[in-house]
$ cat run_20.txt   # compact mmCIF, C-alpha atoms
# COMPACT_ATOMS: atom_id res chain seq x y z
CA MET A 214 -79.64 15.42 2.38
CA GLN A 215 -76.08 16.32 3.32
CA ASN A 216 -76.26 14.04 6.34
CA LYS A 217 -77.28 11.17 4.10
CA ASN A 218 -74.27 11.77 1.82
CA LYS A 219 -71.88 11.88 4.79
CA THR A 220 -73.34 8.63 6.09
CA PHE A 221 -72.97 7.00 2.67
CA ILE A 222 -69.34 8.12 2.36
CA SER A 223 -68.58 6.89 5.87
CA ASP A 224 -70.09 3.51 5.08
CA GLN A 225 -67.97 3.26 1.93
CA GLU A 226 -64.75 4.01 3.83
CA SER A 227 -65.62 1.43 6.49
CA ALA A 228 -66.26 -1.18 3.81
CA LYS A 229 -62.92 -0.35 2.16
CA ARG A 230 -61.11 -0.71 5.51
CA ARG A 231 -62.77 -4.07 6.12
CA ARG A 232 -61.80 -5.26 2.64
CA ARG A 233 -58.19 -4.13 3.20
CA GLN A 234 -58.08 -5.88 6.56
CA LEU A 235 -59.60 -9.05 5.07
CA ARG A 236 -57.11 -8.93 2.18
CA SER A 237 -54.22 -8.52 4.64
CA TRP A 238 -55.43 -11.49 6.67
CA ILE A 239 -55.77 -13.63 3.52
CA ILE A 240 -52.24 -12.72 2.43
CA LEU A 241 -50.86 -13.46 5.91
CA VAL A 242 -52.62 -16.85 6.11
CA THR A 243 -51.46 -17.73 2.57
CA VAL A 244 -47.85 -16.89 3.42
CA VAL A 245 -47.96 -18.93 6.64
CA LEU A 246 -49.47 -21.93 4.85
CA ALA A 247 -46.88 -21.65 2.09
CA ILE A 248 -44.06 -21.59 4.65
CA ILE A 249 -45.50 -24.65 6.42
CA GLY A 250 -45.83 -26.46 3.08
CA ILE A 251 -42.25 -25.70 2.12
CA VAL A 252 -40.96 -26.85 5.51
CA ASN A 253 -42.91 -30.11 5.25
CA LEU A 254 -41.71 -30.69 1.69
CA VAL A 255 -38.10 -30.13 2.67
CA SER A 256 -38.56 -32.43 5.67
CA PHE A 257 -39.99 -35.17 3.46
CA LEU A 258 -37.56 -34.97 0.56
CA GLY A 259 -34.73 -33.08 2.03
CA ARG A 260 -32.49 -32.99 5.05
CA THR A 261 -29.73 -34.10 2.67
CA THR A 262 -27.17 -34.09 5.43
CA SER A 263 -24.05 -36.01 4.53
CA VAL A 264 -22.89 -39.28 6.02
CA SER A 265 -19.33 -40.55 5.76
CA ALA A 266 -18.23 -43.33 3.39
CA LEU A 267 -14.99 -45.28 3.67
CA ALA A 268 -13.49 -47.76 1.20
CA LEU A 269 -12.74 -51.21 2.64
CA PRO A 270 -9.76 -53.35 1.51
CA CYS A 271 -11.88 -56.01 -0.19
CA TYR A 272 -13.87 -56.56 -3.38
CA ALA A 273 -17.45 -57.53 -4.10
CA HIS A 274 -16.56 -60.99 -5.49
CA GLN A 275 -14.79 -62.03 -2.25
CA ASP A 276 -17.84 -63.36 -0.36
CA VAL A 277 -18.18 -60.15 1.66
CA THR A 278 -20.30 -60.92 4.74
CA VAL A 279 -21.29 -58.66 7.64
CA PHE A 280 -19.96 -59.97 10.96
CA GLN A 281 -20.33 -58.10 14.26
CA ASP A 282 -18.70 -54.64 13.84
CA GLY A 283 -17.27 -55.23 10.37
CA VAL A 284 -17.07 -57.70 7.50
CA LEU A 285 -15.46 -61.00 6.64
CA TYR A 286 -14.08 -61.67 3.18
CA TYR A 287 -12.26 -64.55 1.48
CA ASP A 288 -9.42 -63.80 -0.93
CA GLY A 289 -8.90 -67.38 -2.14
CA ALA A 290 -6.31 -68.24 0.50
CA SER A 291 -7.42 -66.73 3.84
CA ILE A 292 -10.50 -65.30 5.49
CA HIS A 293 -9.98 -61.78 6.83
CA PHE A 294 -11.98 -59.72 9.30
CA VAL A 295 -12.08 -55.97 8.59
CA ASN A 296 -13.65 -53.47 10.98
CA ALA A 297 -15.93 -50.71 9.66
CA GLY A 298 -12.99 -48.31 9.83
CA GLY A 299 -11.09 -50.35 7.24
CA GLY A 300 -8.55 -52.02 9.53
CA ILE A 301 -7.81 -55.75 9.15
CA GLU A 302 -8.04 -57.18 12.68
CA TRP A 303 -7.23 -60.80 11.93
CA SER A 304 -6.75 -63.33 9.14
CA TYR A 305 -7.23 -67.10 9.12
CA PRO A 306 -5.59 -69.26 6.39
CA VAL A 307 -7.89 -71.89 4.85
CA GLY A 308 -6.48 -72.56 1.38
CA ASP A 309 -8.43 -72.49 -1.87
CA GLY A 310 -12.00 -73.58 -2.59
CA ALA A 311 -13.35 -72.57 0.84
CA SER A 312 -16.80 -71.37 1.88
CA PHE A 313 -18.02 -70.09 5.23
CA SER A 314 -21.10 -69.26 7.28
CA VAL A 315 -21.46 -67.13 10.41
CA SER A 316 -23.48 -66.77 13.60
CA GLU A 317 -23.34 -63.95 16.14
CA ASN A 318 -19.97 -65.00 17.60
CA HIS A 319 -18.50 -67.77 15.42
CA LEU A 320 -17.89 -68.85 11.87
CA VAL A 321 -17.67 -72.30 10.33
CA ILE A 322 -15.48 -72.82 7.27
CA TRP A 323 -15.31 -75.79 4.91
CA ALA A 324 -13.22 -76.77 1.92
CA GLY A 325 -13.65 -80.26 0.47
CA THR A 326 -13.56 -82.51 3.53
CA GLN A 327 -11.77 -79.97 5.75
CA LEU A 328 -13.77 -78.28 8.51
CA PHE A 329 -12.75 -75.27 10.60
CA ILE A 330 -14.59 -73.69 13.54
CA VAL A 331 -13.31 -70.21 14.39
CA ASP A 332 -14.36 -67.70 17.06
CA ALA A 333 -14.90 -63.93 16.70
CA LYS A 334 -11.21 -63.24 17.39
CA GLY A 335 -9.99 -65.48 14.58
CA ARG A 336 -8.94 -68.30 16.90
CA SER A 337 -9.59 -71.87 15.81
CA THR A 338 -11.51 -74.12 18.19
CA TYR A 339 -11.59 -77.07 15.75
CA ASN A 340 -9.74 -78.00 12.57
CA ASP A 341 -9.91 -81.47 11.05
CA SER A 342 -10.72 -83.48 7.94
CA LEU A 343 -14.03 -85.38 7.77
CA GLU A 344 -14.69 -88.67 5.99
CA ALA A 345 -16.95 -87.26 3.27
CA PRO A 346 -17.05 -84.04 1.21
CA ILE A 347 -18.95 -81.22 2.91
CA GLN A 348 -21.95 -79.76 1.09
CA PHE A 349 -22.39 -76.88 3.54
CA ALA A 350 -22.29 -76.10 7.25
CA ARG A 351 -24.04 -73.78 9.70
CA ILE A 352 -23.08 -72.64 13.19
CA GLY A 353 -24.84 -71.43 16.33
CA ASN A 354 -23.76 -70.38 19.80
CA LYS A 355 -23.17 -73.95 20.97
CA TYR A 356 -23.07 -76.30 17.99
CA ALA A 357 -22.12 -76.55 14.33
CA ALA A 358 -24.19 -78.51 11.78
CA ILE A 359 -22.37 -80.18 8.88
CA VAL A 360 -24.15 -81.62 5.83
CA THR A 361 -22.05 -84.21 3.96
CA GLY A 362 -22.59 -86.76 1.20
CA ASP A 363 -24.52 -86.57 -2.06
CA ASP A 364 -27.38 -84.18 -2.69
CA LEU A 365 -30.04 -86.89 -2.44
CA LYS A 366 -28.34 -89.02 0.22
CA SER A 367 -27.13 -86.49 2.74
CA ASN A 368 -25.95 -86.98 6.28
CA LEU A 369 -26.34 -84.31 8.96
CA THR A 370 -23.80 -84.25 11.79
CA ILE A 371 -23.89 -81.91 14.78
CA ARG A 372 -20.67 -81.12 16.62
CA ASP A 373 -19.94 -78.84 19.54
CA LEU A 374 -17.57 -75.93 19.05
CA GLN A 375 -14.57 -78.11 19.95
CA GLY A 376 -15.51 -80.65 17.28
CA THR A 377 -16.96 -83.40 19.47
CA GLU A 378 -19.88 -85.11 17.76
CA ALA A 379 -23.17 -84.46 19.60
CA ASP A 380 -25.76 -85.94 17.21
CA SER A 381 -26.36 -87.12 13.66
CA ALA A 382 -29.27 -87.78 11.31
CA GLY A 383 -29.13 -89.51 7.95
CA GLU A 384 -32.02 -91.79 7.04
CA ILE A 385 -34.70 -89.11 7.42
CA PHE A 386 -33.07 -87.19 4.55
CA ASP A 387 -32.89 -90.06 2.04
CA GLY A 388 -34.28 -88.81 -1.27
CA MET A 389 -34.41 -85.26 0.03
CA LEU A 390 -32.34 -82.23 -0.89
CA ILE A 391 -31.31 -80.36 2.28
CA LEU A 392 -31.66 -76.63 1.61
CA ASP A 393 -30.67 -75.08 4.92
CA CYS A 394 -30.53 -75.60 8.68
CA GLY A 395 -30.03 -73.63 11.86
CA PHE A 396 -30.14 -73.62 15.64
CA PHE A 397 -32.66 -72.05 17.99
CA GLY A 398 -33.68 -71.97 21.63
CA ALA A 399 -32.34 -70.21 24.71
CA SER A 400 -29.08 -72.21 24.52
CA SER A 401 -29.29 -73.13 20.82
CA GLU A 402 -30.22 -76.63 21.95
CA TYR A 403 -32.83 -77.10 19.21
CA MET A 404 -32.37 -77.34 15.46
CA TRP A 405 -34.46 -76.92 12.32
CA THR A 406 -33.80 -78.14 8.79
CA LEU A 407 -35.44 -77.25 5.48
CA SER A 408 -35.39 -79.85 2.73
CA TYR A 409 -37.09 -80.57 -0.57
CA ASP A 410 -38.78 -83.92 -1.20
CA ILE A 411 -38.20 -84.34 -4.91
CA TYR A 412 -39.43 -87.96 -5.14
CA ASN A 413 -42.90 -87.17 -3.85
CA PRO A 414 -45.39 -86.90 -6.76
CA ALA A 415 -46.33 -83.51 -5.32
CA ILE A 416 -42.94 -81.92 -4.71
CA SER A 417 -42.97 -80.29 -1.30
CA SER A 418 -40.86 -78.41 1.22
CA VAL A 419 -40.34 -80.17 4.55
CA MET A 420 -39.16 -78.80 7.90
CA HIS A 421 -37.73 -81.06 10.62
CA THR A 422 -37.22 -79.91 14.20
CA PHE A 423 -35.36 -81.72 16.94
CA GLN A 424 -33.43 -81.28 20.15
CA VAL A 425 -29.71 -81.92 19.75
CA GLY A 426 -28.73 -85.24 21.35
CA LYS A 427 -32.34 -86.32 21.96
CA MET A 428 -33.31 -87.59 18.47
CA ASN A 429 -36.92 -86.47 19.02
CA THR A 430 -37.64 -85.27 15.49
CA GLY A 431 -40.75 -83.47 14.35
CA GLU A 432 -41.73 -83.22 10.67
CA VAL A 433 -43.81 -80.49 9.01
CA ASN A 434 -44.95 -80.58 5.38
CA LEU A 435 -44.90 -76.98 4.17
CA GLY A 436 -46.59 -77.72 0.85
CA GLU A 437 -45.49 -77.14 -2.72
CA HIS A 438 -44.42 -73.52 -2.21
CA LEU A 439 -40.68 -73.15 -1.69
CA ALA A 440 -39.64 -72.39 1.91
CA TYR A 441 -36.60 -70.10 1.85
CA LYS A 442 -36.20 -68.45 5.26
CA VAL A 443 -36.60 -69.41 8.92
CA VAL A 444 -36.39 -66.77 11.65
CA TYR A 445 -36.45 -67.70 15.33
CA SER A 446 -37.98 -64.89 17.36
CA ASP A 447 -40.42 -64.44 20.22
CA ASN A 448 -39.74 -68.12 21.09
CA LEU A 449 -41.28 -69.22 17.79
CA LEU A 450 -40.10 -70.33 14.35
CA ASN A 451 -41.30 -67.98 11.60
CA VAL A 452 -41.10 -69.86 8.30
CA PHE A 453 -41.31 -67.90 5.05
CA THR A 454 -42.50 -69.58 1.86
CA THR A 455 -43.29 -67.90 -1.43
CA GLN A 456 -46.97 -67.95 -0.39
CA GLN A 457 -47.30 -67.68 3.40
CA MET A 458 -45.41 -67.07 6.60
CA TYR A 459 -46.15 -69.93 9.00
CA ILE A 460 -45.44 -69.95 12.74
CA TYR A 461 -44.43 -73.05 14.72
CA ASP A 462 -43.26 -73.84 18.22
CA TYR A 463 -40.13 -75.87 18.99
CA ARG A 464 -42.04 -79.15 18.48
CA GLY A 465 -43.26 -78.15 15.01
CA VAL A 466 -46.83 -77.46 16.14
CA GLN A 467 -48.35 -74.70 14.01
CA ASN A 468 -49.96 -71.56 15.37
CA VAL A 469 -52.69 -71.44 12.72
CA ASN A 470 -54.18 -68.10 13.78
CA ASP A 471 -50.97 -66.17 13.09
CA THR A 472 -50.40 -67.36 9.52
CA MET A 473 -49.58 -64.35 7.32
CA LEU A 474 -50.13 -64.07 3.56
CA VAL A 475 -46.88 -62.89 1.93
CA TYR A 476 -47.53 -63.81 -1.70
CA GLY A 477 -45.83 -61.23 -3.92
CA TRP A 478 -43.50 -60.13 -1.12
CA LYS A 479 -40.02 -61.33 -0.18
CA TYR A 480 -38.31 -61.28 3.21
CA LEU A 481 -35.41 -58.81 3.51
CA ASP A 482 -34.67 -58.34 7.20
CA HIS A 483 -36.11 -58.36 10.71
CA ALA A 484 -35.53 -56.55 13.98
CA VAL A 485 -36.65 -56.88 17.59
CA PRO A 486 -37.76 -53.48 18.96
CA ASP A 487 -37.30 -52.41 22.58
CA ARG A 488 -40.97 -53.16 23.13
CA GLY A 489 -43.33 -55.34 21.17
CA ALA A 490 -43.06 -58.21 18.72
CA THR A 491 -40.44 -58.82 16.04
CA GLN A 492 -40.83 -56.60 12.97
CA PHE A 493 -40.29 -58.14 9.54
CA LEU A 494 -39.22 -56.11 6.51
CA LEU A 495 -40.31 -57.23 3.03
CA ALA A 496 -40.15 -55.89 -0.53
CA PRO A 497 -42.14 -56.83 -3.65
CA THR A 498 -40.79 -60.07 -5.11
CA ALA A 499 -40.74 -58.58 -8.61
CA GLN A 500 -38.45 -55.80 -7.34
CA THR A 501 -35.92 -58.15 -5.71
CA SER A 502 -34.96 -60.37 -8.63
CA SER A 503 -31.52 -60.41 -10.23
CA VAL A 504 -31.26 -56.60 -10.15
CA GLN A 505 -32.97 -55.03 -7.17
CA SER A 506 -35.07 -51.98 -7.92
CA ILE A 507 -37.12 -51.49 -4.77
CA THR A 508 -39.73 -48.73 -4.64
CA GLU A 509 -42.03 -50.18 -1.96
CA LEU A 510 -41.52 -51.78 1.43
CA ARG A 511 -43.73 -53.56 3.93
CA VAL A 512 -43.25 -53.98 7.68
CA PHE A 513 -45.41 -56.33 9.70
CA SER A 514 -45.53 -57.81 13.17
CA SER A 515 -48.28 -59.29 15.31
CA ALA A 516 -49.73 -55.79 15.79
CA LEU A 517 -48.64 -53.98 12.61
CA ASP A 518 -48.88 -54.28 8.84
CA ARG A 519 -47.78 -51.13 7.03
CA ARG A 520 -46.70 -50.26 3.47
CA TYR A 521 -44.15 -47.58 2.51
CA THR A 522 -43.33 -45.83 -0.76
CA LEU A 523 -39.67 -44.92 -1.15
CA PRO A 524 -38.61 -41.53 -2.59
CA ALA A 525 -36.51 -43.30 -5.26
CA SER A 526 -35.67 -46.76 -6.55
CA CYS A 527 -33.34 -48.56 -4.11
CA VAL A 528 -30.93 -51.49 -4.34
CA GLY A 529 -31.54 -52.74 -0.78
CA ALA A 530 -33.11 -52.03 2.59
CA ALA A 531 -32.82 -53.01 6.26
CA ILE A 532 -34.62 -52.45 9.55
CA ASP A 533 -32.97 -51.75 12.91
CA GLY A 534 -33.95 -50.04 16.15
CA GLY A 535 -37.39 -48.98 14.92
CA ARG A 536 -35.93 -47.37 11.79
CA ILE A 537 -35.94 -48.35 8.12
CA PHE A 538 -32.89 -47.73 5.94
CA ALA A 539 -33.04 -47.90 2.14
CA PHE A 540 -30.20 -47.37 -0.32
CA SER A 541 -30.47 -45.82 -3.78
CA ASP A 542 -27.53 -45.24 -6.12
CA SER A 543 -26.69 -41.96 -4.34
CA TYR A 544 -28.77 -41.57 -1.20
CA LEU A 545 -29.40 -43.33 2.08
CA TYR A 546 -33.07 -42.92 3.03
CA ALA A 547 -33.88 -43.21 6.73
CA GLY A 548 -37.36 -43.27 8.24
CA GLY A 549 -39.22 -44.46 11.32
CA VAL A 550 -41.39 -47.56 11.28
CA ASN A 551 -44.32 -45.47 12.53
CA SER A 552 -43.85 -42.71 9.95
CA GLN A 553 -44.26 -42.39 6.20
CA ARG A 554 -41.39 -39.89 5.92
CA PHE A 555 -37.94 -40.76 4.64
CA TYR A 556 -35.02 -38.37 5.10
CA ALA A 557 -32.36 -38.33 2.38
CA HIS A 558 -28.65 -38.46 3.21
CA ASP A 559 -26.03 -38.15 0.47
CA MET A 560 -23.65 -41.12 0.82
CA ASN A 561 -20.83 -39.20 -0.85
CA LEU A 562 -18.98 -42.13 -2.37
CA PRO A 563 -15.67 -41.01 -3.96
CA GLU A 564 -15.89 -39.43 -7.42
CA GLY A 565 -19.67 -39.77 -7.43
CA ARG A 566 -19.58 -43.58 -7.63
CA PRO A 567 -23.06 -45.16 -7.53
CA VAL A 568 -24.16 -47.74 -4.98
CA THR A 569 -25.00 -50.90 -6.91
CA SER A 570 -25.91 -53.28 -4.06
CA PHE A 571 -26.37 -53.47 -0.30
CA VAL A 572 -24.73 -56.09 1.93
CA GLY A 573 -26.05 -55.39 5.45
CA LEU A 574 -25.75 -53.43 8.70
CA THR A 575 -22.98 -53.86 11.25
CA ASN A 576 -23.59 -53.96 15.01
CA ASN A 577 -22.01 -50.53 15.50
CA GLY A 578 -24.02 -48.34 13.15
CA TYR A 579 -22.57 -48.78 9.67
CA ALA A 580 -24.05 -49.95 6.39
CA ILE A 581 -21.94 -52.05 4.04
CA VAL A 582 -22.59 -51.20 0.39
CA ILE A 583 -21.01 -52.09 -2.93
CA SER A 584 -20.22 -49.87 -5.90
CA ASN A 585 -19.59 -52.20 -8.83
CA SER A 586 -16.54 -54.10 -7.48
CA GLU A 587 -15.61 -51.86 -4.53
CA VAL A 588 -16.90 -52.17 -0.95
CA TYR A 589 -17.65 -49.24 1.37
CA SER A 590 -18.80 -48.75 4.96
CA VAL A 591 -21.27 -45.87 5.33
CA SER A 592 -22.09 -44.36 8.71
CA LEU A 593 -25.78 -44.45 9.56
CA PRO A 594 -27.45 -41.14 10.49
CA HIS A 595 -28.45 -40.73 14.14
$ encode --input "run_20.txt" --output "C-alpha cells"
Amino acid sequence: MQNKNKTFISDQESAKRRRRQLRSWIILVTVVLAIIGIVNLVSFLGRTTSVSALALPCYAHQDVTVFQDGVLYYDGASIHFVNAGGGIEWSYPVGDGASFSVSENHLVIWAGTQLFIVDAKGRSTYNDSLEAPIQFARIGNKYAAIVTGDDLKSNLTIRDLQGTEADSAGEIFDGMLILDCGFFGASSEYMWTLSYDIYNPAISSVMHTFQVGKMNTGEVNLGEHLAYKVVYSDNLLNVFTTQQMYIYDYRGVQNVNDTMLVYGWKYLDHAVPDRGATQFLLAPTAQTSSVQSITELRVFSSALDRRYTLPASCVGAAIDGGRIFAFSDSYLYAGGVNSQRFYAHDMNLPEGRPVTSFVGLTNNGYAIVISNSEVYSVSLPH
C-alpha cells in the first residue's frame, strides 16, 4: 500500500514538472512571436528616419518644372535653372507672357510669335520671331515642334535645334484641335501627334505618326475616349486613354494582344528597370482630381500588374529604380515594386509645414515638393 502511494506521489510530481516545462515553453514561444510581430510592425509603419529638406528660391506659381538635377522656373521676365541645393546656375531672359517645355537636354520657349531654343547650360541655339502666334511647342534631342495658327486650323512646323526648318504639316490638322506632340526613335527621327476631331459626328481622339522630313504619315483613330499621354519605351508607343492603354509601333500598327484596361486609373509616372520591361505607375482617377488624395497605387508592365495600399493619403507619387515614392503632408513613403511594405521618412519641412503637392524627381536623387506657395527639394532615402 505504501509503495502505491509513493508511486502516485511520484507521478503527480512528474506531471507538475511537465506542466511547468510546457508553460515555460508556451511563454517563451509567445514572447518570441510578440517580438517578431513588433519588429514587423515597426518595419512596416516605422523606420521614420529623417531626410533633409531645403527651400528653393522660387514659388509654386512660377511654372516650376523638374529639369535634370534641379528645376526651372519662370519669374515673368527670365527663366532660371536652380540645382537641388538651391543655387541658381543660369538665367535666360525671355520677357513677359512666356511658356516653356523641356526634354532631357533642351528647352523650347515661346512668347507670342517669339521662339527660343536653349540647351541645358542656358545657351541659346535659336532665337527668332515666327510669322504666326505660337500655340505651344515641344522639343526632343534633335528637333523642336512648333504648333502655330488658330485652334482649328493649326500648322505644325519641325525645326532642328539651330532653327532650320526640317518639315511641316498643316492640311491633315484642318478641323482638328492639336492636343500634344513629341519625338521618338533612336535619334528622335520620328514624331507623334495627338489631336481631337471635333467635327466628326462621333468626336474622337486621333494619333498621327511620321518620320521627320519623309512626310510618310500614319493615322490611328483612338475612339471617343480622350487620349492624354504617350510614352515611348521598349521601342513602342504606349498610348493612354481614359479607357485603355494601346500599344503601337513607329508606323502606327497596333499590338492588339498587349492592350491594357486602365479604366478608373490615371497615369502618374514610368520607369525603365535594369532588367525587364517598362513599369508604369497609376493611381485611381477619382483620387487624382483637383486635389490629390491618393491611397492606392498600381504598377504594371508586360509581366506585372500589382496593387498597393499606402499607409496614409498622399498628394503625389513616382517610380524610379525599382522603388515607389509617395508623399503625404508630412512623410515620404518608400517601398520596392516587389514588396507591399512602405517605409516612412519624416520630410522635416521647416516649422512643420505640410506638403501640399508633388512636382517630380530630379536625376540626382531629390524630390521636388510644394508647401502652399513654397518649393522644397527633399533628399530621397537610399
$ atom_distance --input "run_20.txt" --atom1 "atom CA of A:Asp373" --atom2 "atom CA of A:Ser312"
19.4 Å
$ closest_residue --input "run_20.txt" --among "A:Gly310, A:Gly548, A:Pro414, A:Gly426" --to "A:Ala379" --atoms "all atoms listed in the file"
A:Gly426
$ residues_around --input "run_20.txt" --residues "A:Tyr356" --least-positions-apart "2" --cutoff "7 Å" --atoms "all atoms listed in the file" --output "list in words"
Ile352, Gly353, Asn354, Ala358, Ile371, Arg372, Asp373 and Leu374 of chain A
$ residues_around --input "run_20.txt" --residues "A:Val264" --least-positions-apart "2" --cutoff "7 Å" --atoms "only C-alpha atoms" --output "list in words"
Thr262, Ala266, His558, Asp559, Met560, Val591, Ser592, Leu593 and Pro594 of chain A
$ residues_around --input "run_20.txt" --residues "A:Trp323" --least-positions-apart "2" --cutoff "12 Å" --atoms "only C-alpha atoms" --output "PDB file with C-alpha atoms, keeping the file's coordinate frame"
ATOM      1  CA  ILE A 292     -10.500 -65.300   5.490  1.00  0.00           C
ATOM      2  CA  PRO A 306      -5.590 -69.260   6.390  1.00  0.00           C
ATOM      3  CA  VAL A 307      -7.890 -71.890   4.850  1.00  0.00           C
ATOM      4  CA  GLY A 308      -6.480 -72.560   1.380  1.00  0.00           C
ATOM      5  CA  ASP A 309      -8.430 -72.490  -1.870  1.00  0.00           C
ATOM      6  CA  GLY A 310     -12.000 -73.580  -2.590  1.00  0.00           C
ATOM      7  CA  ALA A 311     -13.350 -72.570   0.840  1.00  0.00           C
ATOM      8  CA  SER A 312     -16.800 -71.370   1.880  1.00  0.00           C
ATOM      9  CA  PHE A 313     -18.020 -70.090   5.230  1.00  0.00           C
ATOM     10  CA  SER A 314     -21.100 -69.260   7.280  1.00  0.00           C
ATOM     11  CA  VAL A 315     -21.460 -67.130  10.410  1.00  0.00           C
ATOM     12  CA  LEU A 320     -17.890 -68.850  11.870  1.00  0.00           C
ATOM     13  CA  VAL A 321     -17.670 -72.300  10.330  1.00  0.00           C
ATOM     14  CA  GLY A 325     -13.650 -80.260   0.470  1.00  0.00           C
ATOM     15  CA  THR A 326     -13.560 -82.510   3.530  1.00  0.00           C
ATOM     16  CA  GLN A 327     -11.770 -79.970   5.750  1.00  0.00           C
ATOM     17  CA  LEU A 328     -13.770 -78.280   8.510  1.00  0.00           C
ATOM     18  CA  PHE A 329     -12.750 -75.270  10.600  1.00  0.00           C
ATOM     19  CA  ILE A 330     -14.590 -73.690  13.540  1.00  0.00           C
ATOM     20  CA  VAL A 331     -13.310 -70.210  14.390  1.00  0.00           C
ATOM     21  CA  TYR A 339     -11.590 -77.070  15.750  1.00  0.00           C
ATOM     22  CA  ASN A 340      -9.740 -78.000  12.570  1.00  0.00           C
ATOM     23  CA  ASP A 341      -9.910 -81.470  11.050  1.00  0.00           C
ATOM     24  CA  SER A 342     -10.720 -83.480   7.940  1.00  0.00           C
ATOM     25  CA  LEU A 343     -14.030 -85.380   7.770  1.00  0.00           C
ATOM     26  CA  ALA A 345     -16.950 -87.260   3.270  1.00  0.00           C
ATOM     27  CA  PRO A 346     -17.050 -84.040   1.210  1.00  0.00           C
ATOM     28  CA  ILE A 347     -18.950 -81.220   2.910  1.00  0.00           C
ATOM     29  CA  GLN A 348     -21.950 -79.760   1.090  1.00  0.00           C
ATOM     30  CA  PHE A 349     -22.390 -76.880   3.540  1.00  0.00           C
ATOM     31  CA  ALA A 350     -22.290 -76.100   7.250  1.00  0.00           C
ATOM     32  CA  ARG A 351     -24.040 -73.780   9.700  1.00  0.00           C
ATOM     33  CA  ILE A 352     -23.080 -72.640  13.190  1.00  0.00           C
ATOM     34  CA  ALA A 357     -22.120 -76.550  14.330  1.00  0.00           C
ATOM     35  CA  ALA A 358     -24.190 -78.510  11.780  1.00  0.00           C
ATOM     36  CA  ILE A 359     -22.370 -80.180   8.880  1.00  0.00           C
ATOM     37  CA  VAL A 360     -24.150 -81.620   5.830  1.00  0.00           C
ATOM     38  CA  THR A 361     -22.050 -84.210   3.960  1.00  0.00           C
TER      39      THR A 361
END
$ build_atoms --input "run_20.txt" --residues "stretch 465-477 of chain A" --atoms "N, CA and C atoms" --output "compact mmCIF listing (two decimals), in the frame of the given file"
# COMPACT_ATOMS: atom_id res chain seq x y z
N GLY A 465 -42.70 -78.13 16.36
CA GLY A 465 -43.26 -78.15 15.01
C GLY A 465 -44.77 -78.06 14.98
N VAL A 466 -45.38 -77.64 16.10
CA VAL A 466 -46.83 -77.46 16.14
C VAL A 466 -47.17 -76.06 15.64
N GLN A 467 -48.06 -75.98 14.65
CA GLN A 467 -48.35 -74.70 14.01
C GLN A 467 -49.31 -73.85 14.82
N ASN A 468 -49.03 -72.55 14.84
CA ASN A 468 -49.96 -71.56 15.37
C ASN A 468 -50.78 -71.05 14.18
N VAL A 469 -51.92 -71.69 13.93
CA VAL A 469 -52.69 -71.44 12.72
C VAL A 469 -53.20 -70.00 12.66
N ASN A 470 -53.56 -69.43 13.77
CA ASN A 470 -54.18 -68.10 13.78
C ASN A 470 -53.23 -66.99 13.34
N ASP A 471 -51.93 -67.22 13.43
CA ASP A 471 -50.97 -66.17 13.09
C ASP A 471 -50.35 -66.34 11.72
N THR A 472 -50.90 -67.21 10.89
CA THR A 472 -50.40 -67.36 9.52
C THR A 472 -50.58 -66.04 8.77
N MET A 473 -49.55 -65.63 8.03
CA MET A 473 -49.58 -64.35 7.32
C MET A 473 -49.39 -64.57 5.83
N LEU A 474 -50.27 -63.99 5.01
CA LEU A 474 -50.13 -64.07 3.56
C LEU A 474 -49.00 -63.14 3.11
N VAL A 475 -48.01 -63.70 2.42
CA VAL A 475 -46.88 -62.89 1.93
C VAL A 475 -46.67 -63.09 0.43
N TYR A 476 -47.66 -63.61 -0.26
CA TYR A 476 -47.53 -63.81 -1.70
C TYR A 476 -47.24 -62.47 -2.38
N GLY A 477 -46.22 -62.46 -3.24
CA GLY A 477 -45.83 -61.23 -3.92
C GLY A 477 -44.83 -60.40 -3.16
